[in-house]
$ cat my_file_18.pdb   # PDB, C-alpha atoms and all ligand atoms
ATOM      1  CA  MET A   1      -1.407  54.051 -80.682
ATOM      2  CA  ALA A   2      -1.012  57.531 -82.130
ATOM      3  CA  VAL A   3       2.166  59.470 -82.813
ATOM      4  CA  ILE A   4       2.930  62.777 -81.142
ATOM      5  CA  LYS A   5       3.833  65.593 -83.544
ATOM      6  CA  SER A   6       4.802  68.144 -80.899
ATOM      7  CA  ASN A   7       4.465  68.687 -77.162
ATOM      8  CA  PHE A   8       5.653  71.866 -75.495
ATOM      9  CA  ALA A   9       4.909  74.286 -72.659
ATOM     10  CA  ILE A  10       3.009  77.434 -73.645
ATOM     11  CA  GLU A  11       3.159  78.709 -70.049
ATOM     12  CA  GLU A  12       4.585  77.289 -66.848
ATOM     13  CA  GLY A  13       2.815  73.967 -66.235
ATOM     14  CA  ILE A  14       0.517  74.357 -69.285
ATOM     15  CA  TYR A  15       1.293  72.205 -72.309
ATOM     16  CA  GLN A  16       0.053  71.887 -75.861
ATOM     17  CA  MET A  17       0.287  68.471 -77.481
ATOM     18  CA  GLU A  18      -0.318  67.801 -81.175
ATOM     19  CA  VAL A  19      -1.073  64.219 -82.164
ATOM     20  CA  ALA A  20      -1.462  62.626 -85.624
ATOM     21  CA  TRP A  21      -5.104  61.535 -85.880
ATOM     22  CA  THR A  22      -7.934  61.596 -88.406
ATOM     23  CA  GLY A  23     -11.622  60.929 -87.860
ATOM     24  CA  ASP A  24     -14.846  62.648 -86.884
ATOM     25  CA  VAL A  25     -14.899  64.608 -83.652
ATOM     26  CA  THR A  26     -17.473  67.055 -82.293
ATOM     27  CA  PRO A  27     -16.299  70.075 -80.260
ATOM     28  CA  GLY A  28     -16.617  69.267 -76.556
ATOM     29  CA  GLN A  29     -15.923  65.540 -76.959
ATOM     30  CA  PHE A  30     -12.939  64.061 -75.171
ATOM     31  CA  PHE A  31     -10.351  61.293 -75.450
ATOM     32  CA  MET A  32      -8.939  59.006 -72.778
ATOM     33  CA  LEU A  33      -5.154  59.393 -73.022
ATOM     34  CA  ARG A  34      -2.496  57.054 -71.748
ATOM     35  CA  ALA A  35       1.255  57.334 -72.159
ATOM     36  CA  TRP A  36       2.349  54.854 -69.512
ATOM     37  CA  ASP A  37       2.102  51.149 -68.799
ATOM     38  CA  ARG A  38       0.615  50.335 -65.352
ATOM     39  CA  ASP A  39       1.070  53.367 -63.153
ATOM     40  CA  PRO A  40      -1.173  55.320 -62.909
ATOM     41  CA  LEU A  41      -3.753  52.599 -63.355
ATOM     42  CA  LEU A  42      -6.310  54.639 -65.272
ATOM     43  CA  SER A  43      -6.170  56.588 -68.532
ATOM     44  CA  ARG A  44      -6.870  60.317 -68.212
ATOM     45  CA  PRO A  45      -9.625  62.354 -69.958
ATOM     46  CA  PHE A  46      -8.762  65.384 -72.127
ATOM     47  CA  CYS A  47     -11.055  67.279 -74.426
ATOM     48  CA  VAL A  48     -10.162  68.292 -77.939
ATOM     49  CA  HIS A  49      -8.612  71.741 -77.974
ATOM     50  CA  ASP A  50      -8.317  71.962 -81.739
ATOM     51  CA  TYR A  51      -8.565  69.730 -84.783
ATOM     52  CA  ASP A  52      -7.338  70.138 -88.330
ATOM     53  CA  PRO A  53      -8.651  67.297 -90.524
ATOM     54  CA  GLU A  54      -6.502  68.395 -93.485
ATOM     55  CA  SER A  55      -3.197  67.850 -91.732
ATOM     56  CA  GLY A  56      -4.660  65.160 -89.449
ATOM     57  CA  THR A  57      -3.687  67.028 -86.297
ATOM     58  CA  LEU A  58      -5.540  66.754 -83.012
ATOM     59  CA  THR A  59      -4.463  69.239 -80.355
ATOM     60  CA  PHE A  60      -4.780  68.932 -76.583
ATOM     61  CA  LEU A  61      -4.147  71.721 -74.081
ATOM     62  CA  TYR A  62      -3.396  70.422 -70.608
ATOM     63  CA  GLN A  63      -2.195  71.425 -67.201
ATOM     64  CA  VAL A  64       0.275  69.329 -65.268
ATOM     65  CA  LYS A  65      -1.605  68.251 -62.141
ATOM     66  CA  GLY A  66      -0.281  64.859 -61.021
ATOM     67  CA  LYS A  67       1.479  61.741 -62.206
ATOM     68  CA  GLY A  68      -0.359  61.218 -65.501
ATOM     69  CA  THR A  69      -0.005  64.741 -66.819
ATOM     70  CA  LYS A  70       3.629  64.898 -65.617
ATOM     71  CA  LEU A  71       4.389  61.795 -67.697
ATOM     72  CA  MET A  72       2.588  63.345 -70.669
ATOM     73  CA  SER A  73       4.629  66.527 -70.372
ATOM     74  CA  GLU A  74       7.854  64.528 -70.744
ATOM     75  CA  LEU A  75       6.907  63.136 -74.162
ATOM     76  CA  GLY A  76       8.316  64.493 -77.410
ATOM     77  CA  PRO A  77       7.822  64.308 -81.187
ATOM     78  CA  MET A  78       7.517  60.750 -82.575
ATOM     79  CA  ASP A  79       6.689  59.297 -79.136
ATOM     80  CA  ALA A  80       3.578  57.110 -79.015
ATOM     81  CA  ILE A  81       0.430  57.826 -77.011
ATOM     82  CA  GLN A  82      -2.726  55.764 -76.608
ATOM     83  CA  LEU A  83      -5.853  57.682 -77.678
ATOM     84  CA  ASP A  84      -9.226  56.193 -76.881
ATOM     85  CA  GLY A  85     -12.181  58.117 -78.226
ATOM     86  CA  PRO A  86     -13.736  60.432 -79.062
ATOM     87  CA  HIS A  87     -16.124  59.956 -76.150
ATOM     88  CA  GLY A  88     -19.217  61.749 -74.899
ATOM     89  CA  ASN A  89     -21.570  64.310 -76.360
ATOM     90  CA  GLY A  90     -20.130  67.652 -77.334
ATOM     91  CA  PHE A  91     -21.612  71.089 -77.931
ATOM     92  CA  PRO A  92     -24.665  71.232 -80.219
ATOM     93  CA  ASP A  93     -24.693  72.933 -83.606
ATOM     94  CA  VAL A  94     -26.513  76.194 -82.859
ATOM     95  CA  LYS A  95     -27.721  78.706 -85.426
ATOM     96  CA  SER A  96     -27.746  81.873 -83.303
ATOM     97  CA  ASN A  97     -24.840  84.169 -82.433
ATOM     98  CA  LEU A  98     -22.661  82.644 -79.765
ATOM     99  CA  VAL A  99     -21.188  83.719 -76.424
ATOM    100  CA  VAL A 100     -18.374  81.495 -75.163
ATOM    101  CA  VAL A 101     -17.138  81.595 -71.569
ATOM    102  CA  GLY A 102     -14.034  79.758 -70.358
ATOM    103  CA  GLY A 103     -12.337  79.693 -66.978
ATOM    104  CA  GLY A 104      -8.727  78.510 -66.591
ATOM    105  CA  MET A 105      -8.198  75.142 -68.258
ATOM    106  CA  GLY A 106     -11.877  75.347 -69.193
ATOM    107  CA  ILE A 107     -10.714  77.243 -72.252
ATOM    108  CA  ALA A 108      -9.485  73.902 -73.654
ATOM    109  CA  PRO A 109     -12.603  72.663 -75.522
ATOM    110  CA  LEU A 110     -13.758  76.135 -76.533
ATOM    111  CA  LEU A 111     -11.237  76.918 -79.277
ATOM    112  CA  TYR A 112     -12.406  74.048 -81.478
ATOM    113  CA  ALA A 113     -16.015  74.916 -80.568
ATOM    114  CA  VAL A 114     -15.514  78.462 -81.891
ATOM    115  CA  ARG A 115     -13.534  77.332 -84.966
ATOM    116  CA  ASP A 116     -16.170  74.752 -85.905
ATOM    117  CA  PHE A 117     -19.034  77.212 -85.343
ATOM    118  CA  LYS A 118     -17.409  79.918 -87.513
ATOM    119  CA  ALA A 119     -16.668  77.376 -90.258
ATOM    120  CA  LYS A 120     -20.352  76.354 -90.345
ATOM    121  CA  HIS A 121     -21.913  79.796 -89.796
ATOM    122  CA  LYS A 122     -19.638  82.385 -91.410
ATOM    123  CA  ARG A 123     -21.982  85.331 -90.875
ATOM    124  CA  LYS A 124     -22.701  84.628 -87.225
ATOM    125  CA  LYS A 125     -20.784  86.377 -84.444
ATOM    126  CA  VAL A 126     -18.883  84.842 -81.563
ATOM    127  CA  ARG A 127     -17.870  86.774 -78.444
ATOM    128  CA  VAL A 128     -15.417  84.983 -76.167
ATOM    129  CA  TYR A 129     -14.791  85.624 -72.450
ATOM    130  CA  LEU A 130     -11.674  84.024 -70.966
ATOM    131  CA  GLY A 131     -11.032  84.204 -67.219
ATOM    132  CA  TYR A 132      -7.798  83.344 -65.423
ATOM    133  CA  SER A 133      -6.690  83.449 -61.789
ATOM    134  CA  PHE A 134      -3.140  84.726 -62.420
ATOM    135  CA  GLU A 135      -1.640  84.542 -65.934
ATOM    136  CA  SER A 136      -3.493  84.261 -69.216
ATOM    137  CA  TYR A 137      -2.544  81.562 -71.734
ATOM    138  CA  GLY A 138      -3.848  80.219 -75.018
ATOM    139  CA  VAL A 139      -5.573  83.520 -75.920
ATOM    140  CA  GLU A 140      -3.947  84.165 -79.314
ATOM    141  CA  PRO A 141      -5.732  81.368 -81.254
ATOM    142  CA  PHE A 142      -9.081  82.733 -80.033
ATOM    143  CA  ASN A 143      -8.180  86.154 -81.449
ATOM    144  CA  ASP A 144      -7.741  84.480 -84.837
ATOM    145  CA  VAL A 145     -11.194  82.847 -84.936
ATOM    146  CA  ALA A 146     -13.584  84.885 -82.757
ATOM    147  CA  ASP A 147     -15.113  88.317 -83.452
ATOM    148  CA  ASP A 148     -14.346  89.624 -79.981
ATOM    149  CA  VAL A 149     -12.224  88.246 -77.134
ATOM    150  CA  ILE A 150     -12.466  89.622 -73.582
ATOM    151  CA  VAL A 151      -9.771  88.478 -71.143
ATOM    152  CA  ASN A 152     -10.062  88.877 -67.395
ATOM    153  CA  ILE A 153      -7.311  88.068 -64.905
ATOM    154  CA  GLY A 154      -7.942  87.758 -61.185
ATOM    155  CA  GLY A 155     -11.612  88.722 -61.272
ATOM    156  CA  ILE A 156     -14.841  86.804 -61.676
ATOM    157  CA  ILE A 157     -15.395  86.327 -65.379
ATOM    158  CA  THR A 158     -19.090  85.475 -65.035
ATOM    159  CA  GLU A 159     -19.661  89.011 -63.729
ATOM    160  CA  LYS A 160     -18.286  90.432 -67.013
ATOM    161  CA  VAL A 161     -20.420  88.291 -69.288
ATOM    162  CA  GLU A 162     -23.022  90.166 -71.300
ATOM    163  CA  VAL A 163     -25.580  88.164 -73.237
ATOM    164  CA  LYS A 164     -27.522  89.965 -75.956
ATOM    165  CA  ARG A 165     -30.794  89.179 -77.642
ATOM    166  CA  GLY A 166     -30.938  85.781 -79.350
ATOM    167  CA  GLU A 167     -27.479  84.639 -78.251
ATOM    168  CA  THR A 168     -26.647  81.108 -77.090
ATOM    169  CA  VAL A 169     -24.002  80.512 -74.418
ATOM    170  CA  PHE A 170     -21.324  77.795 -74.247
ATOM    171  CA  GLY A 171     -19.266  77.477 -71.051
ATOM    172  CA  CYS A 172     -16.471  75.386 -69.632
ATOM    173  CA  GLY A 173     -14.586  75.813 -66.377
ATOM    174  CA  PRO A 174     -14.676  74.695 -62.754
ATOM    175  CA  ASN A 175     -18.144  73.443 -61.777
ATOM    176  CA  VAL A 176     -18.582  76.332 -59.321
ATOM    177  CA  MET A 177     -18.061  78.746 -62.210
ATOM    178  CA  MET A 178     -20.499  76.766 -64.379
ATOM    179  CA  ARG A 179     -23.113  77.189 -61.680
ATOM    180  CA  ALA A 180     -22.435  80.932 -61.490
ATOM    181  CA  LEU A 181     -22.797  81.153 -65.272
ATOM    182  CA  ALA A 182     -26.032  79.159 -65.185
ATOM    183  CA  ASP A 183     -27.408  81.589 -62.585
ATOM    184  CA  ALA A 184     -26.157  84.726 -64.365
ATOM    185  CA  VAL A 185     -27.593  84.176 -67.840
ATOM    186  CA  PRO A 186     -31.290  85.115 -68.183
ATOM    187  CA  PRO A 187     -33.565  82.047 -68.689
ATOM    188  CA  LYS A 188     -34.523  82.928 -72.273
ATOM    189  CA  HIS A 189     -31.000  82.104 -73.551
ATOM    190  CA  PRO A 190     -29.942  78.485 -74.133
ATOM    191  CA  VAL A 191     -26.821  77.678 -72.059
ATOM    192  CA  TYR A 192     -24.646  74.600 -72.675
ATOM    193  CA  LEU A 193     -22.094  73.739 -70.008
ATOM    194  CA  SER A 194     -19.191  71.318 -70.226
ATOM    195  CA  LEU A 195     -18.779  69.683 -66.796
ATOM    196  CA  GLU A 196     -15.767  68.090 -65.152
ATOM    197  CA  LYS A 197     -15.821  65.017 -62.926
ATOM    198  CA  ARG A 198     -13.059  62.595 -62.039
ATOM    199  CA  MET A 199     -13.367  59.670 -64.434
ATOM    200  CA  ALA A 200     -12.393  56.022 -64.335
ATOM    201  CA  CYS A 201     -13.756  54.099 -67.327
ATOM    202  CA  GLY A 202     -14.720  57.119 -69.441
ATOM    203  CA  MET A 203     -17.552  55.230 -71.163
ATOM    204  CA  GLY A 204     -20.540  54.979 -68.853
ATOM    205  CA  VAL A 205     -19.710  51.663 -67.162
ATOM    206  CA  CYS A 206     -18.368  52.415 -63.672
ATOM    207  CA  LEU A 207     -20.988  55.099 -62.796
ATOM    208  CA  GLY A 208     -18.225  57.081 -61.117
ATOM    209  CA  CYS A 209     -19.003  60.375 -62.795
ATOM    210  CA  SER A 210     -22.721  60.822 -62.035
ATOM    211  CA  VAL A 211     -24.479  64.175 -61.940
ATOM    212  CA  LYS A 212     -28.024  64.859 -60.849
ATOM    213  CA  THR A 213     -30.402  65.884 -63.616
ATOM    214  CA  VAL A 214     -34.145  66.372 -63.946
ATOM    215  CA  ASP A 215     -34.219  62.905 -65.583
ATOM    216  CA  GLY A 216     -32.298  61.221 -62.742
ATOM    217  CA  ASN A 217     -28.581  60.563 -62.493
ATOM    218  CA  LYS A 218     -26.566  60.858 -65.699
ATOM    219  CA  GLN A 219     -22.920  60.105 -66.444
ATOM    220  CA  VAL A 220     -20.686  63.016 -67.420
ATOM    221  CA  CYS A 221     -18.567  60.744 -69.640
ATOM    222  CA  ALA A 222     -21.364  59.118 -71.643
ATOM    223  CA  ASP A 223     -24.296  61.581 -71.409
ATOM    224  CA  GLY A 224     -22.107  64.712 -71.268
ATOM    225  CA  PRO A 225     -19.694  66.249 -70.680
ATOM    226  CA  VAL A 226     -21.905  68.955 -72.229
ATOM    227  CA  PHE A 227     -25.327  69.455 -70.610
ATOM    228  CA  GLU A 228     -28.053  72.019 -71.169
ATOM    229  CA  ARG A 229     -28.385  74.271 -68.119
ATOM    230  CA  ASP A 230     -32.017  73.336 -67.428
ATOM    231  CA  GLU A 231     -31.181  69.620 -67.201
ATOM    232  CA  LEU A 232     -28.924  70.055 -64.186
ATOM    233  CA  ILE A 233     -29.873  69.929 -60.500
ATOM    234  CA  TRP A 234     -27.257  71.936 -58.626
ATOM    235  CA  GLU A 235     -28.627  71.661 -55.088
ATOM    236  CA  GLY A 236     -26.251  69.760 -52.821
ATOM    237  CA  GLY A 237     -23.450  70.131 -55.365
ATOM    238  CA  LEU A 238     -23.012  68.336 -58.675
TER     239      LEU A 238
HETATM  240  C1  LIG B   1     -14.220  65.305 -69.752
HETATM  241  C2  LIG B   1     -12.941  65.878 -69.187
HETATM  242  C3  LIG B   1     -12.134  66.626 -70.014
HETATM  243  C4  LIG B   1     -10.926  67.165 -69.501
HETATM  244  N1  LIG B   1     -10.171  67.913 -70.344
HETATM  245  C5  LIG B   1      -9.037  68.461 -69.880
HETATM  246  C6  LIG B   1      -8.228  69.264 -70.726
HETATM  247  O1  LIG B   1      -8.534  69.493 -71.899
HETATM  248  N2  LIG B   1      -7.091  69.783 -70.199
HETATM  249  C7  LIG B   1      -6.716  69.555 -68.884
HETATM  250  O2  LIG B   1      -5.677  70.064 -68.446
HETATM  251  N3  LIG B   1      -7.464  68.801 -68.067
HETATM  252  C8  LIG B   1      -8.600  68.232 -68.532
HETATM  253  N4  LIG B   1      -9.350  67.457 -67.697
HETATM  254  C9  LIG B   1      -8.836  67.172 -66.342
HETATM  255  C10 LIG B   1      -7.761  66.091 -66.454
HETATM  256  O3  LIG B   1      -8.350  64.884 -66.894
HETATM  257  C11 LIG B   1      -7.071  65.874 -65.103
HETATM  258  O4  LIG B   1      -6.377  67.055 -64.736
HETATM  259  C12 LIG B   1      -6.102  64.734 -65.198
HETATM  260  O5  LIG B   1      -6.817  63.518 -65.285
HETATM  261  C13 LIG B   1      -5.171  64.698 -63.988
HETATM  262  O6  LIG B   1      -4.386  63.522 -64.092
HETATM  263  P1  LIG B   1      -3.044  63.393 -63.265
HETATM  264  O7  LIG B   1      -2.675  61.945 -63.226
HETATM  265  O8  LIG B   1      -2.008  64.333 -63.762
HETATM  266  O9  LIG B   1      -3.426  63.908 -61.829
HETATM  267  P2  LIG B   1      -4.020  63.074 -60.595
HETATM  268  O10 LIG B   1      -2.871  62.552 -59.833
HETATM  269  O11 LIG B   1      -5.064  62.110 -61.051
HETATM  270  O12 LIG B   1      -4.722  64.253 -59.832
HETATM  271  C14 LIG B   1      -4.002  65.415 -59.452
HETATM  272  C15 LIG B   1      -4.969  66.417 -58.859
HETATM  273  O13 LIG B   1      -5.934  66.833 -59.844
HETATM  274  C16 LIG B   1      -7.258  66.589 -59.385
HETATM  275  N5  LIG B   1      -8.068  66.103 -60.506
HETATM  276  C17 LIG B   1      -7.787  65.056 -61.303
HETATM  277  N6  LIG B   1      -8.749  64.873 -62.226
HETATM  278  C18 LIG B   1      -9.667  65.841 -62.001
HETATM  279  C19 LIG B   1     -10.903  66.184 -62.614
HETATM  280  N7  LIG B   1     -11.432  65.494 -63.631
HETATM  281  N8  LIG B   1     -11.576  67.234 -62.114
HETATM  282  C20 LIG B   1     -11.091  67.938 -61.081
HETATM  283  N9  LIG B   1      -9.916  67.658 -60.452
HETATM  284  C21 LIG B   1      -9.223  66.631 -60.900
HETATM  285  C22 LIG B   1      -7.115  65.516 -58.300
HETATM  286  O14 LIG B   1      -8.159  65.595 -57.344
HETATM  287  C23 LIG B   1      -5.787  65.841 -57.690
HETATM  288  O15 LIG B   1      -5.895  66.845 -56.716
HETATM  289  C24 LIG B   1     -10.552  66.934 -68.156
HETATM  290  C25 LIG B   1     -11.378  66.174 -67.332
HETATM  291  C26 LIG B   1     -12.564  65.663 -67.830
HETATM  292  C27 LIG B   1     -13.443  64.855 -66.932
HETATM  293  S1  LIG B   2     -16.146  57.450 -65.811
HETATM  294 FE1  LIG B   2     -17.079  55.496 -65.605
HETATM  295  S2  LIG B   2     -19.183  55.987 -65.896
HETATM  296 FE2  LIG B   2     -18.190  57.853 -66.309
END
$ encode --input "my_file_18.pdb" --output "structure tokens" --more "lines below"
Ligand SMILES: Cc1cc2nc3c(=O)[nH]c(=O)nc-3n(C[C@H](O)[C@H](O)[C@H](O)COP(=O)(O)OP(=O)(O)OC[C@H]3O[C@@H](n4cnc5c(N)ncnc54)[C@H](O)[C@@H]3O)c2cc1C
Ligand code: FES
Amino acid sequence: MAVIKSNFAIEEGIYQMEVAWTGDVTPGQFFMLRAWDRDPLLSRPFCVHDYDPESGTLTFLYQVKGKGTKLMSELGPMDAIQLDGPHGNGFPDVKSNLVVVGGGMGIAPLLYAVRDFKAKHKRKKVRVYLGYSFESYGVEPFNDVADDVIVNIGGIITEKVEVKRGETVFGCGPNVMMRALADAVPPKHPVYLSLEKRMACGMGVCLGCSVKTVDGNKQVCADGPVFERDELIWEGGL
């Protein structure tokens, strides 16, 4: 069990939860969270939004969707929450300049990805594109760590994305947006996409989160959630 430090709405239906935790976590990895006894049956997956090892603070950014996230939103400081993880394979450590593209709640894993990248590669540049359907949220922390932040509301963010020579792309958002990003970026640039699938076990056992890849079916929870663009077979839907 971990202890919640804070949990509050940053926008209607969008919450930020800080939890006391220390350990090693790679940007893009996720935890299975549970703040209830039997109902809902399954824990819920959430990626790491931010992590500060000095203060031992792990931050999640989440949207209230159904029963699990509603229960999470009702928790307060000093309440307990079950954290299982980190799980999965996160974003790789790349040496080039970086372009980061997030859509809606897909912004969640990208803040820690940018922070970690800038900490490791101080001279490298990061340009961030954040796309929202209606209202923007969670933009400010990106302004603090990235070199450039482009926000788009109501449009198609993948149409705004510019990728320059030698840049690598990280993306997270709805799978349809990930496909559009995969199609939009010229083949010479490496593209790493964090995918979303409904999960049950979260550790590669139930095979409920399969995606088709050039090496056969893989599990988003255990083999991903981050995949290189060229691994994925999009035909027929992920
Ligand atoms: C690896 C991973 C990381 C995630 N990280 C985050 C995060 O950082 N922040 C965040 O807000 N959400 C994240 N999610 C999604 C989050 O896990 C779900 O929104 C959550 O499980 C919903 O639980 P619930 O009980 O509130 O809703 P439920 O009652 O389970 O579902 C409510 C609605 O949401 C839909 N839904 C539930 N789970 C998913 C899913 N995985 N993909 C698409 N639709 C879904 C259902 O179809 C249903 O319509 C992540 C999902 C994965 C797989
Ligand atoms: S959620 Fe069970 S294998 Fe991925």
$ resolve_selection --input "my_file_18.pdb" --expression "the PyMOL selection byres (((not hetatm)) within 7 of (chain B and resi 1))" --output "compact mmCIF listing (two decimals) with C-alpha atoms, in the coordinates of the input"
# COMPACT_ATOMS: atom_id res chain seq x y z
CA PHE A 30 -12.94 64.06 -75.17
CA PRO A 40 -1.17 55.32 -62.91
CA ARG A 44 -6.87 60.32 -68.21
CA PRO A 45 -9.62 62.35 -69.96
CA PHE A 46 -8.76 65.38 -72.13
CA CYS A 47 -11.06 67.28 -74.43
CA VAL A 48 -10.16 68.29 -77.94
CA HIS A 49 -8.61 71.74 -77.97
CA PHE A 60 -4.78 68.93 -76.58
CA LEU A 61 -4.15 71.72 -74.08
CA TYR A 62 -3.40 70.42 -70.61
CA GLN A 63 -2.19 71.42 -67.20
CA VAL A 64 0.28 69.33 -65.27
CA LYS A 65 -1.60 68.25 -62.14
CA GLY A 66 -0.28 64.86 -61.02
CA LYS A 67 1.48 61.74 -62.21
CA GLY A 68 -0.36 61.22 -65.50
CA THR A 69 0.00 64.74 -66.82
CA LYS A 70 3.63 64.90 -65.62
CA MET A 105 -8.20 75.14 -68.26
CA ALA A 108 -9.48 73.90 -73.65
CA PRO A 109 -12.60 72.66 -75.52
CA LEU A 195 -18.78 69.68 -66.80
CA GLU A 196 -15.77 68.09 -65.15
CA LYS A 197 -15.82 65.02 -62.93
CA ARG A 198 -13.06 62.60 -62.04
CA MET A 199 -13.37 59.67 -64.43
CA CYS A 221 -18.57 60.74 -69.64
CA PRO A 225 -19.69 66.25 -70.68
$ residues_near_ligand --input "my_file_18.pdb" --ligand "ligand LIG 2 (chain B)" --cutoff "8 Å" --atoms "only C-alpha atoms and all ligand atoms" --output "MDAnalysis selection string"
chainID A and resid 198:210 219:222
$ write_last_selection --input "my_file_18.pdb" --atoms "C-alpha atoms" --output "PDB file, in the coordinates of the input"
ATOM      1  CA  ARG A 198     -13.059  62.595 -62.039  1.00  0.00           C
ATOM      2  CA  MET A 199     -13.367  59.670 -64.434  1.00  0.00           C
ATOM      3  CA  ALA A 200     -12.393  56.022 -64.335  1.00  0.00           C
ATOM      4  CA  CYS A 201     -13.756  54.099 -67.327  1.00  0.00           C
ATOM      5  CA  GLY A 202     -14.720  57.119 -69.441  1.00  0.00           C
ATOM      6  CA  MET A 203     -17.552  55.230 -71.163  1.00  0.00           C
ATOM      7  CA  GLY A 204     -20.540  54.979 -68.853  1.00  0.00           C
ATOM      8  CA  VAL A 205     -19.710  51.663 -67.162  1.00  0.00           C
ATOM      9  CA  CYS A 206     -18.368  52.415 -63.672  1.00  0.00           C
ATOM     10  CA  LEU A 207     -20.988  55.099 -62.796  1.00  0.00           C
ATOM     11  CA  GLY A 208     -18.225  57.081 -61.117  1.00  0.00           C
ATOM     12  CA  CYS A 209     -19.003  60.375 -62.795  1.00  0.00           C
ATOM     13  CA  SER A 210     -22.721  60.822 -62.035  1.00  0.00           C
ATOM     14  CA  GLN A 219     -22.920  60.105 -66.444  1.00  0.00           C
ATOM     15  CA  VAL A 220     -20.686  63.016 -67.420  1.00  0.00           C
ATOM     16  CA  CYS A 221     -18.567  60.744 -69.640  1.00  0.00           C
ATOM     17  CA  ALA A 222     -21.364  59.118 -71.643  1.00  0.00           C
TER      18      ALA A 222
END
$ closest_residue --input "my_file_18.pdb" --among "A:Ser136, A:Thr59, A:Ser6, A:Thr213" --to "A:Trp234" --atoms "all atoms listed in the file"
A:Thr213
$ residues_around --input "my_file_18.pdb" --residues "stretch 84-90 of chain A" --least-positions-apart "3" --cutoff "6 Å" --atoms "only C-alpha atoms" --output "list in words"
Thr26, Pro27, Gly28, Gln29, Phe30, Phe31, Met32, Cys221, Ala222, Gly224 and Val226 of chain A
$ write_last_selection --input "my_file_18.pdb" --atoms "C-alpha atoms" --output "compact mmCIF listing (two decimals), keeping the file's coordinate frame"
# COMPACT_ATOMS: atom_id res chain seq x y z
CA THR A 26 -17.47 67.06 -82.29
CA PRO A 27 -16.30 70.08 -80.26
CA GLY A 28 -16.62 69.27 -76.56
CA GLN A 29 -15.92 65.54 -76.96
CA PHE A 30 -12.94 64.06 -75.17
CA PHE A 31 -10.35 61.29 -75.45
CA MET A 32 -8.94 59.01 -72.78
CA CYS A 221 -18.57 60.74 -69.64
CA ALA A 222 -21.36 59.12 -71.64
CA GLY A 224 -22.11 64.71 -71.27
CA VAL A 226 -21.90 68.96 -72.23
$ atom_distance --input "my_file_18.pdb" --atom1 "atom CA of A:Lys95" --atom2 "atom CA of A:Val145"
17.0 Å
$ closest_residue --input "my_file_18.pdb" --among "A:Val211, A:Ala2, A:Met17, A:Leu130" --to "A:Leu238" --atoms "all atoms listed in the file"
A:Val211
